[in-house]
Structure formats: C-alpha cells, structure tokens
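K.L.:
Dropping the structure in here first, questions after.
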Amino acid sequence: MNIISQIIVGFIAFIHIYILWLEMFAWTTRAKKVFKTIPEDQFEKTKVMAANQGLYNGFLAAGLIWSLFISDSIWSKNVALFFLICVLVAGIYGAMTASKRILFVQAVPAILGILSLVL
C-alpha cells in the first residue's frame, strides 16, 4: 500500500474511532452537539442503540488499522479495500436513511481511499 493510501486509511480509521467514542461514551453529552437533528430528549432513550452503532464503527476502525500493519502488500491492500467498501456501504446507507451529511463524512473519504488503492 502506498503512503497516500496509508494516510487516507489512517484518517478514515481515526474518523471511526471518533464516532465510536461519540456513540459509546459521549452520547448523552458531546454527541448532542454533533448530531443536531436528533431531539435532545431522545439521547438518553437511545443510549444503548447508539453504543451498539459505536461498536460497529470500532470494528471498521480496527480492520482499517489492521490493514496498516500487514506486511504483505497484497494482503494489506485487500484487507483495506474490504473495510473501505464496508465503510462506503455504511456511508451510502446512512446518507439514504439518516442524514445526507453521512455521505460526506463516511462515503466520500471511503471512495477516496478505494481510488487510492486501485489506481
């Protein structure tokens, strides 16, 4: 994997670690400022659901970080590609069902990462 791909993959992993933190540990505090479309009275009620979503974001981050430590370049690229495609699918689905903003936060970076790997 080239250095540009590694930087993009690392950045996307960082985004998902941040999302994990927001959804698992800061849902009723800091997340209220980030997820402004959710009514304030819903944060406490959806705390468990948000933590579950955060866990999934953690798995995406873990897979992307794992790809950065694989010494075999073909495996590294394939693992990164798999997890970037997962991020892309999640970003598209999130944009269609929750908020158009997710397209720019998740899907666009994933597309850039995929392009950096395949071109």
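Here's how to read the names in the structure tokens: chain A, B, ... by the order shown, residue numbers from 1 in each chain, ligand numbers from 1 in the order shown.
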Can you tell me, as a short mmCIF file (atom, residue, chain, number, x, y, z; two decimals) with N, CA, C and O atoms, in the first residue's frame, which residues in chain A count as alpha helix (DSSP H) by DSSP?
P.N.:
data_model
loop_
_atom_site.label_atom_id
_atom_site.label_comp_id
_atom_site.auth_asym_id
_atom_site.auth_seq_id
_atom_site.Cartn_x
_atom_site.Cartn_y
_atom_site.Cartn_z
N ILE A 3 1.98 5.32 0.39
CA ILE A 3 1.88 6.23 1.54
C ILE A 3 0.59 7.04 1.52
O ILE A 3 -0.01 7.28 2.57
N ILE A 4 0.14 7.46 0.34
CA ILE A 4 -1.12 8.22 0.24
C ILE A 4 -2.28 7.36 0.73
O ILE A 4 -3.12 7.82 1.50
N SER A 5 -2.32 6.10 0.28
CA SER A 5 -3.36 5.18 0.73
C SER A 5 -3.30 4.98 2.24
O SER A 5 -4.34 4.96 2.90
N GLN A 6 -2.11 4.84 2.77
CA GLN A 6 -1.97 4.64 4.21
C GLN A 6 -2.48 5.85 4.99
O GLN A 6 -3.13 5.69 6.03
N ILE A 7 -2.20 7.04 4.50
CA ILE A 7 -2.68 8.26 5.17
C ILE A 7 -4.20 8.32 5.13
O ILE A 7 -4.85 8.60 6.15
N ILE A 8 -4.78 8.03 3.97
CA ILE A 8 -6.24 8.07 3.84
C ILE A 8 -6.88 7.01 4.74
O ILE A 8 -7.85 7.28 5.45
N VAL A 9 -6.35 5.79 4.70
CA VAL A 9 -6.88 4.70 5.54
C VAL A 9 -6.76 5.09 7.02
O VAL A 9 -7.70 4.89 7.80
N GLY A 10 -5.62 5.63 7.41
CA GLY A 10 -5.44 6.06 8.81
C GLY A 10 -6.42 7.15 9.21
O GLY A 10 -6.97 7.13 10.31
N PHE A 11 -6.66 8.09 8.31
CA PHE A 11 -7.61 9.17 8.57
C PHE A 11 -9.03 8.62 8.75
O PHE A 11 -9.75 9.01 9.67
N ILE A 12 -9.42 7.71 7.87
CA ILE A 12 -10.75 7.11 7.96
C ILE A 12 -10.88 6.29 9.26
O ILE A 12 -11.91 6.33 9.92
N ALA A 13 -9.83 5.58 9.63
CA ALA A 13 -9.85 4.84 10.90
C ALA A 13 -10.03 5.81 12.06
O ALA A 13 -10.82 5.55 12.98
N PHE A 14 -9.34 6.94 12.01
CA PHE A 14 -9.47 7.95 13.06
C PHE A 14 -10.91 8.46 13.14
O PHE A 14 -11.46 8.61 14.24
N ILE A 15 -11.53 8.73 12.00
CA ILE A 15 -12.92 9.17 11.97
C ILE A 15 -13.81 8.16 12.69
O ILE A 15 -14.66 8.53 13.52
N HIS A 16 -13.58 6.88 12.43
CA HIS A 16 -14.43 5.85 13.03
C HIS A 16 -14.14 5.64 14.51
O HIS A 16 -15.04 5.28 15.27
N ILE A 17 -12.93 5.89 14.92
CA ILE A 17 -12.63 5.86 16.37
C ILE A 17 -13.35 7.01 17.06
O ILE A 17 -13.91 6.85 18.15
N TYR A 18 -13.37 8.17 16.41
CA TYR A 18 -14.09 9.32 16.96
C TYR A 18 -15.59 9.03 17.05
O TYR A 18 -16.24 9.32 18.06
N ILE A 19 -16.14 8.44 15.99
CA ILE A 19 -17.56 8.07 16.01
C ILE A 19 -17.83 7.05 17.11
O ILE A 19 -18.83 7.15 17.83
N LEU A 20 -16.94 6.07 17.26
CA LEU A 20 -17.07 5.09 18.35
C LEU A 20 -17.15 5.81 19.69
O LEU A 20 -18.04 5.54 20.50
N TRP A 21 -16.23 6.73 19.93
CA TRP A 21 -16.20 7.46 21.19
C TRP A 21 -17.50 8.23 21.40
O TRP A 21 -18.10 8.19 22.49
N LEU A 22 -17.95 8.95 20.36
CA LEU A 22 -19.19 9.71 20.47
C LEU A 22 -20.37 8.83 20.81
O LEU A 22 -21.16 9.14 21.72
N GLU A 23 -20.50 7.72 20.08
CA GLU A 23 -21.68 6.89 20.23
C GLU A 23 -21.65 6.00 21.46
O GLU A 23 -22.70 5.69 22.03
N MET A 24 -20.47 5.59 21.89
CA MET A 24 -20.39 4.69 23.05
C MET A 24 -20.20 5.41 24.38
O MET A 24 -20.70 4.95 25.40
N PHE A 25 -19.46 6.51 24.37
CA PHE A 25 -19.07 7.12 25.64
C PHE A 25 -19.53 8.57 25.83
O PHE A 25 -19.51 9.06 26.95
N ALA A 31 -22.19 14.24 21.99
CA ALA A 31 -22.91 13.84 20.77
C ALA A 31 -24.10 14.74 20.48
O ALA A 31 -24.47 14.92 19.32
N LYS A 32 -24.68 15.33 21.50
CA LYS A 32 -25.80 16.24 21.30
C LYS A 32 -25.41 17.42 20.42
O LYS A 32 -26.23 17.95 19.68
N LYS A 33 -24.15 17.83 20.51
CA LYS A 33 -23.66 18.96 19.71
C LYS A 33 -23.32 18.54 18.28
O LYS A 33 -23.29 19.37 17.38
N VAL A 34 -23.05 17.26 18.08
CA VAL A 34 -22.67 16.76 16.77
C VAL A 34 -23.90 16.31 15.98
O VAL A 34 -24.04 16.61 14.80
N GLN A 42 -34.22 12.46 23.08
CA GLN A 42 -34.02 11.11 22.55
C GLN A 42 -32.65 10.51 22.91
O GLN A 42 -32.45 9.31 22.77
N PHE A 43 -31.72 11.33 23.34
CA PHE A 43 -30.37 10.81 23.59
C PHE A 43 -30.33 9.77 24.70
O PHE A 43 -29.72 8.72 24.54
N GLU A 44 -30.96 10.04 25.79
CA GLU A 44 -30.96 9.07 26.89
C GLU A 44 -31.69 7.80 26.48
O GLU A 44 -31.26 6.69 26.78
N LYS A 45 -32.79 7.95 25.76
CA LYS A 45 -33.60 6.81 25.34
C LYS A 45 -32.87 5.92 24.32
O LYS A 45 -33.16 4.73 24.23
N LYS A 47 -29.46 5.59 24.10
CA LYS A 47 -28.06 5.39 24.52
C LYS A 47 -27.53 3.99 24.20
O LYS A 47 -26.41 3.86 23.69
N VAL A 48 -28.29 2.96 24.46
CA VAL A 48 -27.85 1.58 24.21
C VAL A 48 -27.72 1.33 22.71
O VAL A 48 -26.75 0.74 22.25
N MET A 49 -28.69 1.81 21.94
CA MET A 49 -28.64 1.65 20.49
C MET A 49 -27.42 2.36 19.91
O MET A 49 -26.71 1.82 19.06
N ALA A 50 -27.15 3.57 20.38
CA ALA A 50 -26.00 4.33 19.89
C ALA A 50 -24.69 3.61 20.24
O ALA A 50 -23.76 3.57 19.43
N ALA A 51 -24.62 3.04 21.43
CA ALA A 51 -23.41 2.31 21.83
C ALA A 51 -23.19 1.11 20.91
O ALA A 51 -22.05 0.80 20.54
N ASN A 52 -24.25 0.45 20.51
CA ASN A 52 -24.14 -0.66 19.57
C ASN A 52 -23.59 -0.18 18.23
O ASN A 52 -22.70 -0.81 17.64
N GLN A 53 -24.11 0.94 17.75
CA GLN A 53 -23.60 1.52 16.50
C GLN A 53 -22.12 1.90 16.65
O GLN A 53 -21.33 1.72 15.72
N GLY A 54 -21.78 2.44 17.79
CA GLY A 54 -20.39 2.82 18.03
C GLY A 54 -19.47 1.62 17.98
O GLY A 54 -18.35 1.70 17.46
N LEU A 55 -19.94 0.50 18.52
CA LEU A 55 -19.14 -0.72 18.48
C LEU A 55 -18.85 -1.14 17.05
O LEU A 55 -17.73 -1.51 16.71
N TYR A 56 -19.85 -1.07 16.18
CA TYR A 56 -19.64 -1.40 14.77
C TYR A 56 -18.63 -0.47 14.12
O TYR A 56 -17.79 -0.89 13.32
N ASN A 57 -18.69 0.80 14.47
CA ASN A 57 -17.69 1.74 13.94
C ASN A 57 -16.29 1.38 14.44
O ASN A 57 -15.31 1.54 13.72
N GLY A 58 -16.22 0.87 15.65
CA GLY A 58 -14.94 0.41 16.18
C GLY A 58 -14.38 -0.76 15.40
O GLY A 58 -13.18 -0.85 15.15
N PHE A 59 -15.27 -1.67 14.98
CA PHE A 59 -14.82 -2.79 14.17
C PHE A 59 -14.28 -2.32 12.82
O PHE A 59 -13.28 -2.85 12.32
N LEU A 60 -14.94 -1.32 12.23
CA LEU A 60 -14.44 -0.76 10.96
C LEU A 60 -13.05 -0.15 11.17
O LEU A 60 -12.14 -0.38 10.37
N ALA A 61 -12.91 0.61 12.24
CA ALA A 61 -11.61 1.23 12.54
C ALA A 61 -10.54 0.16 12.78
O ALA A 61 -9.42 0.26 12.27
N ALA A 62 -10.89 -0.88 13.53
CA ALA A 62 -9.93 -1.96 13.81
C ALA A 62 -9.46 -2.63 12.53
O ALA A 62 -8.26 -2.90 12.37
N GLY A 63 -10.38 -2.89 11.62
CA GLY A 63 -10.00 -3.51 10.35
C GLY A 63 -9.09 -2.62 9.52
O GLY A 63 -8.11 -3.09 8.93
N LEU A 64 -9.39 -1.34 9.50
CA LEU A 64 -8.55 -0.41 8.74
C LEU A 64 -7.16 -0.29 9.36
O LEU A 64 -6.14 -0.28 8.65
N ILE A 65 -7.12 -0.22 10.68
CA ILE A 65 -5.82 -0.15 11.37
C ILE A 65 -5.04 -1.44 11.15
O ILE A 65 -3.84 -1.41 10.90
N TRP A 66 -5.71 -2.56 11.23
CA TRP A 66 -5.08 -3.86 10.97
C TRP A 66 -4.41 -3.85 9.60
O TRP A 66 -3.27 -4.31 9.45
N SER A 67 -5.10 -3.32 8.59
CA SER A 67 -4.54 -3.31 7.23
C SER A 67 -3.22 -2.55 7.15
O SER A 67 -2.38 -2.85 6.31
N LEU A 68 -3.05 -1.58 8.04
CA LEU A 68 -1.81 -0.78 8.04
C LEU A 68 -0.62 -1.55 8.61
O LEU A 68 0.52 -1.18 8.38
N PHE A 69 -0.89 -2.61 9.35
CA PHE A 69 0.18 -3.38 9.99
C PHE A 69 0.50 -4.69 9.28
O PHE A 69 1.38 -5.42 9.73
N SER A 73 2.08 -6.75 1.03
CA SER A 73 1.41 -5.61 0.38
C SER A 73 0.08 -6.00 -0.26
O SER A 73 -0.86 -5.21 -0.25
N ILE A 74 -0.01 -7.19 -0.81
CA ILE A 74 -1.26 -7.61 -1.44
C ILE A 74 -2.35 -7.81 -0.38
O ILE A 74 -3.48 -7.33 -0.53
N TRP A 75 -2.00 -8.49 0.71
CA TRP A 75 -2.97 -8.69 1.79
C TRP A 75 -3.36 -7.36 2.41
O TRP A 75 -4.53 -7.13 2.72
N SER A 76 -2.40 -6.50 2.63
CA SER A 76 -2.67 -5.20 3.22
C SER A 76 -3.67 -4.43 2.37
O SER A 76 -4.66 -3.87 2.88
N LYS A 77 -3.44 -4.41 1.08
CA LYS A 77 -4.33 -3.71 0.16
C LYS A 77 -5.72 -4.34 0.15
O LYS A 77 -6.73 -3.64 0.21
N ASN A 78 -5.79 -5.68 0.12
CA ASN A 78 -7.08 -6.36 0.08
C ASN A 78 -7.89 -6.15 1.36
O ASN A 78 -9.11 -5.95 1.30
N VAL A 79 -7.23 -6.22 2.49
CA VAL A 79 -7.93 -6.00 3.76
C VAL A 79 -8.43 -4.56 3.84
O VAL A 79 -9.58 -4.30 4.21
N ALA A 80 -7.58 -3.61 3.46
CA ALA A 80 -8.00 -2.20 3.46
C ALA A 80 -9.18 -2.00 2.51
O ALA A 80 -10.15 -1.31 2.85
N LEU A 81 -9.10 -2.60 1.34
CA LEU A 81 -10.17 -2.48 0.35
C LEU A 81 -11.49 -3.03 0.90
O LEU A 81 -12.55 -2.39 0.76
N PHE A 82 -11.44 -4.18 1.54
CA PHE A 82 -12.64 -4.77 2.12
C PHE A 82 -13.28 -3.82 3.13
O PHE A 82 -14.49 -3.54 3.08
N PHE A 83 -12.48 -3.30 4.07
CA PHE A 83 -13.04 -2.44 5.10
C PHE A 83 -13.47 -1.09 4.55
O PHE A 83 -14.46 -0.51 5.02
N LEU A 84 -12.78 -0.58 3.54
CA LEU A 84 -13.21 0.67 2.91
C LEU A 84 -14.55 0.49 2.18
O LEU A 84 -15.40 1.38 2.21
N ILE A 85 -14.74 -0.67 1.57
CA ILE A 85 -16.03 -0.95 0.93
C ILE A 85 -17.14 -1.04 1.98
O ILE A 85 -18.24 -0.53 1.78
N CYS A 86 -16.83 -1.64 3.14
CA CYS A 86 -17.80 -1.69 4.23
C CYS A 86 -18.16 -0.26 4.68
O CYS A 86 -19.34 0.04 4.90
N VAL A 87 -17.16 0.60 4.81
CA VAL A 87 -17.41 1.99 5.20
C VAL A 87 -18.25 2.68 4.14
O VAL A 87 -19.19 3.43 4.46
N LEU A 88 -17.94 2.44 2.87
CA LEU A 88 -18.70 3.05 1.78
C LEU A 88 -20.17 2.64 1.83
O LEU A 88 -21.06 3.48 1.73
N VAL A 89 -20.41 1.35 1.99
CA VAL A 89 -21.79 0.85 2.05
C VAL A 89 -22.51 1.47 3.25
O VAL A 89 -23.65 1.94 3.13
N ALA A 90 -21.85 1.51 4.40
CA ALA A 90 -22.46 2.11 5.59
C ALA A 90 -22.73 3.60 5.36
O ALA A 90 -23.78 4.12 5.78
N GLY A 91 -21.81 4.28 4.70
CA GLY A 91 -21.98 5.71 4.42
C GLY A 91 -23.13 5.98 3.47
O GLY A 91 -23.92 6.91 3.68
N ILE A 92 -23.26 5.17 2.45
CA ILE A 92 -24.37 5.34 1.50
C ILE A 92 -25.69 5.05 2.18
O ILE A 92 -26.66 5.81 2.05
N TYR A 93 -25.74 3.96 2.93
CA TYR A 93 -26.97 3.61 3.64
C TYR A 93 -27.35 4.70 4.66
O TYR A 93 -28.50 5.10 4.76
N GLY A 94 -26.37 5.17 5.39
CA GLY A 94 -26.62 6.23 6.36
C GLY A 94 -27.11 7.51 5.72
O GLY A 94 -28.00 8.18 6.24
N ALA A 95 -26.54 7.84 4.57
CA ALA A 95 -26.97 9.05 3.85
C ALA A 95 -28.41 8.90 3.35
O ALA A 95 -29.17 9.87 3.33
N MET A 96 -28.77 7.69 2.95
CA MET A 96 -30.12 7.45 2.44
C MET A 96 -31.17 7.40 3.55
O MET A 96 -32.32 7.78 3.33
N THR A 97 -30.77 6.95 4.74
CA THR A 97 -31.76 6.71 5.79
C THR A 97 -31.69 7.68 6.97
O THR A 97 -32.69 7.87 7.66
N ARG A 101 -25.44 14.25 5.43
CA ARG A 101 -24.10 14.59 5.91
C ARG A 101 -23.18 13.37 6.00
O ARG A 101 -21.97 13.47 5.79
N ILE A 102 -23.78 12.22 6.28
CA ILE A 102 -23.00 10.97 6.40
C ILE A 102 -22.30 10.64 5.09
O ILE A 102 -21.20 10.08 5.08
N VAL A 108 -17.58 9.60 1.07
CA VAL A 108 -16.59 10.28 0.22
C VAL A 108 -15.16 9.91 0.61
O VAL A 108 -14.35 9.56 -0.26
N PRO A 109 -14.80 9.96 1.91
CA PRO A 109 -13.44 9.51 2.25
C PRO A 109 -13.18 8.05 1.85
O PRO A 109 -12.09 7.72 1.39
N ALA A 110 -14.19 7.19 2.01
CA ALA A 110 -14.03 5.78 1.61
C ALA A 110 -13.77 5.67 0.11
O ALA A 110 -12.92 4.90 -0.32
N ILE A 111 -14.50 6.44 -0.69
CA ILE A 111 -14.28 6.44 -2.14
C ILE A 111 -12.86 6.88 -2.45
O ILE A 111 -12.18 6.28 -3.29
N LEU A 112 -12.39 7.93 -1.78
CA LEU A 112 -11.01 8.39 -2.00
C LEU A 112 -10.01 7.31 -1.63
O LEU A 112 -9.02 7.10 -2.34
N GLY A 113 -10.26 6.62 -0.52
CA GLY A 113 -9.38 5.53 -0.12
C GLY A 113 -9.37 4.38 -1.13
O GLY A 113 -8.32 3.86 -1.48
N ILE A 114 -10.56 4.02 -1.60
CA ILE A 114 -10.66 2.95 -2.60
C ILE A 114 -9.92 3.34 -3.87
O ILE A 114 -9.15 2.55 -4.43
N LEU A 115 -10.15 4.57 -4.32
CA LEU A 115 -9.46 5.03 -5.54
C LEU A 115 -7.95 5.04 -5.37
O LEU A 115 -7.21 4.67 -6.29
N SER A 116 -7.49 5.44 -4.18
CA SER A 116 -6.04 5.45 -3.95
C SER A 116 -5.43 4.05 -3.97
O SER A 116 -4.25 3.89 -4.30
N LEU A 117 -6.23 3.06 -3.66
CA LEU A 117 -5.75 1.68 -3.66
C LEU A 117 -5.78 1.04 -5.04
O LEU A 117 -4.91 0.24 -5.37
N VAL A 118 -6.79 1.37 -5.82
CA VAL A 118 -6.95 0.69 -7.11
C VAL A 118 -6.29 1.41 -8.28
O VAL A 118 -6.09 0.81 -9.33
#
K.L.:
Please, what distance in Å, to one decimal, runs between atom CA of Leu103 of chain A and atom CA of Ile70 of chain A?
P.N.:
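Computed distance, atom CA of Leu103 of chain A to atom CA of Ile70 of chain A, equals 28.5 Å.
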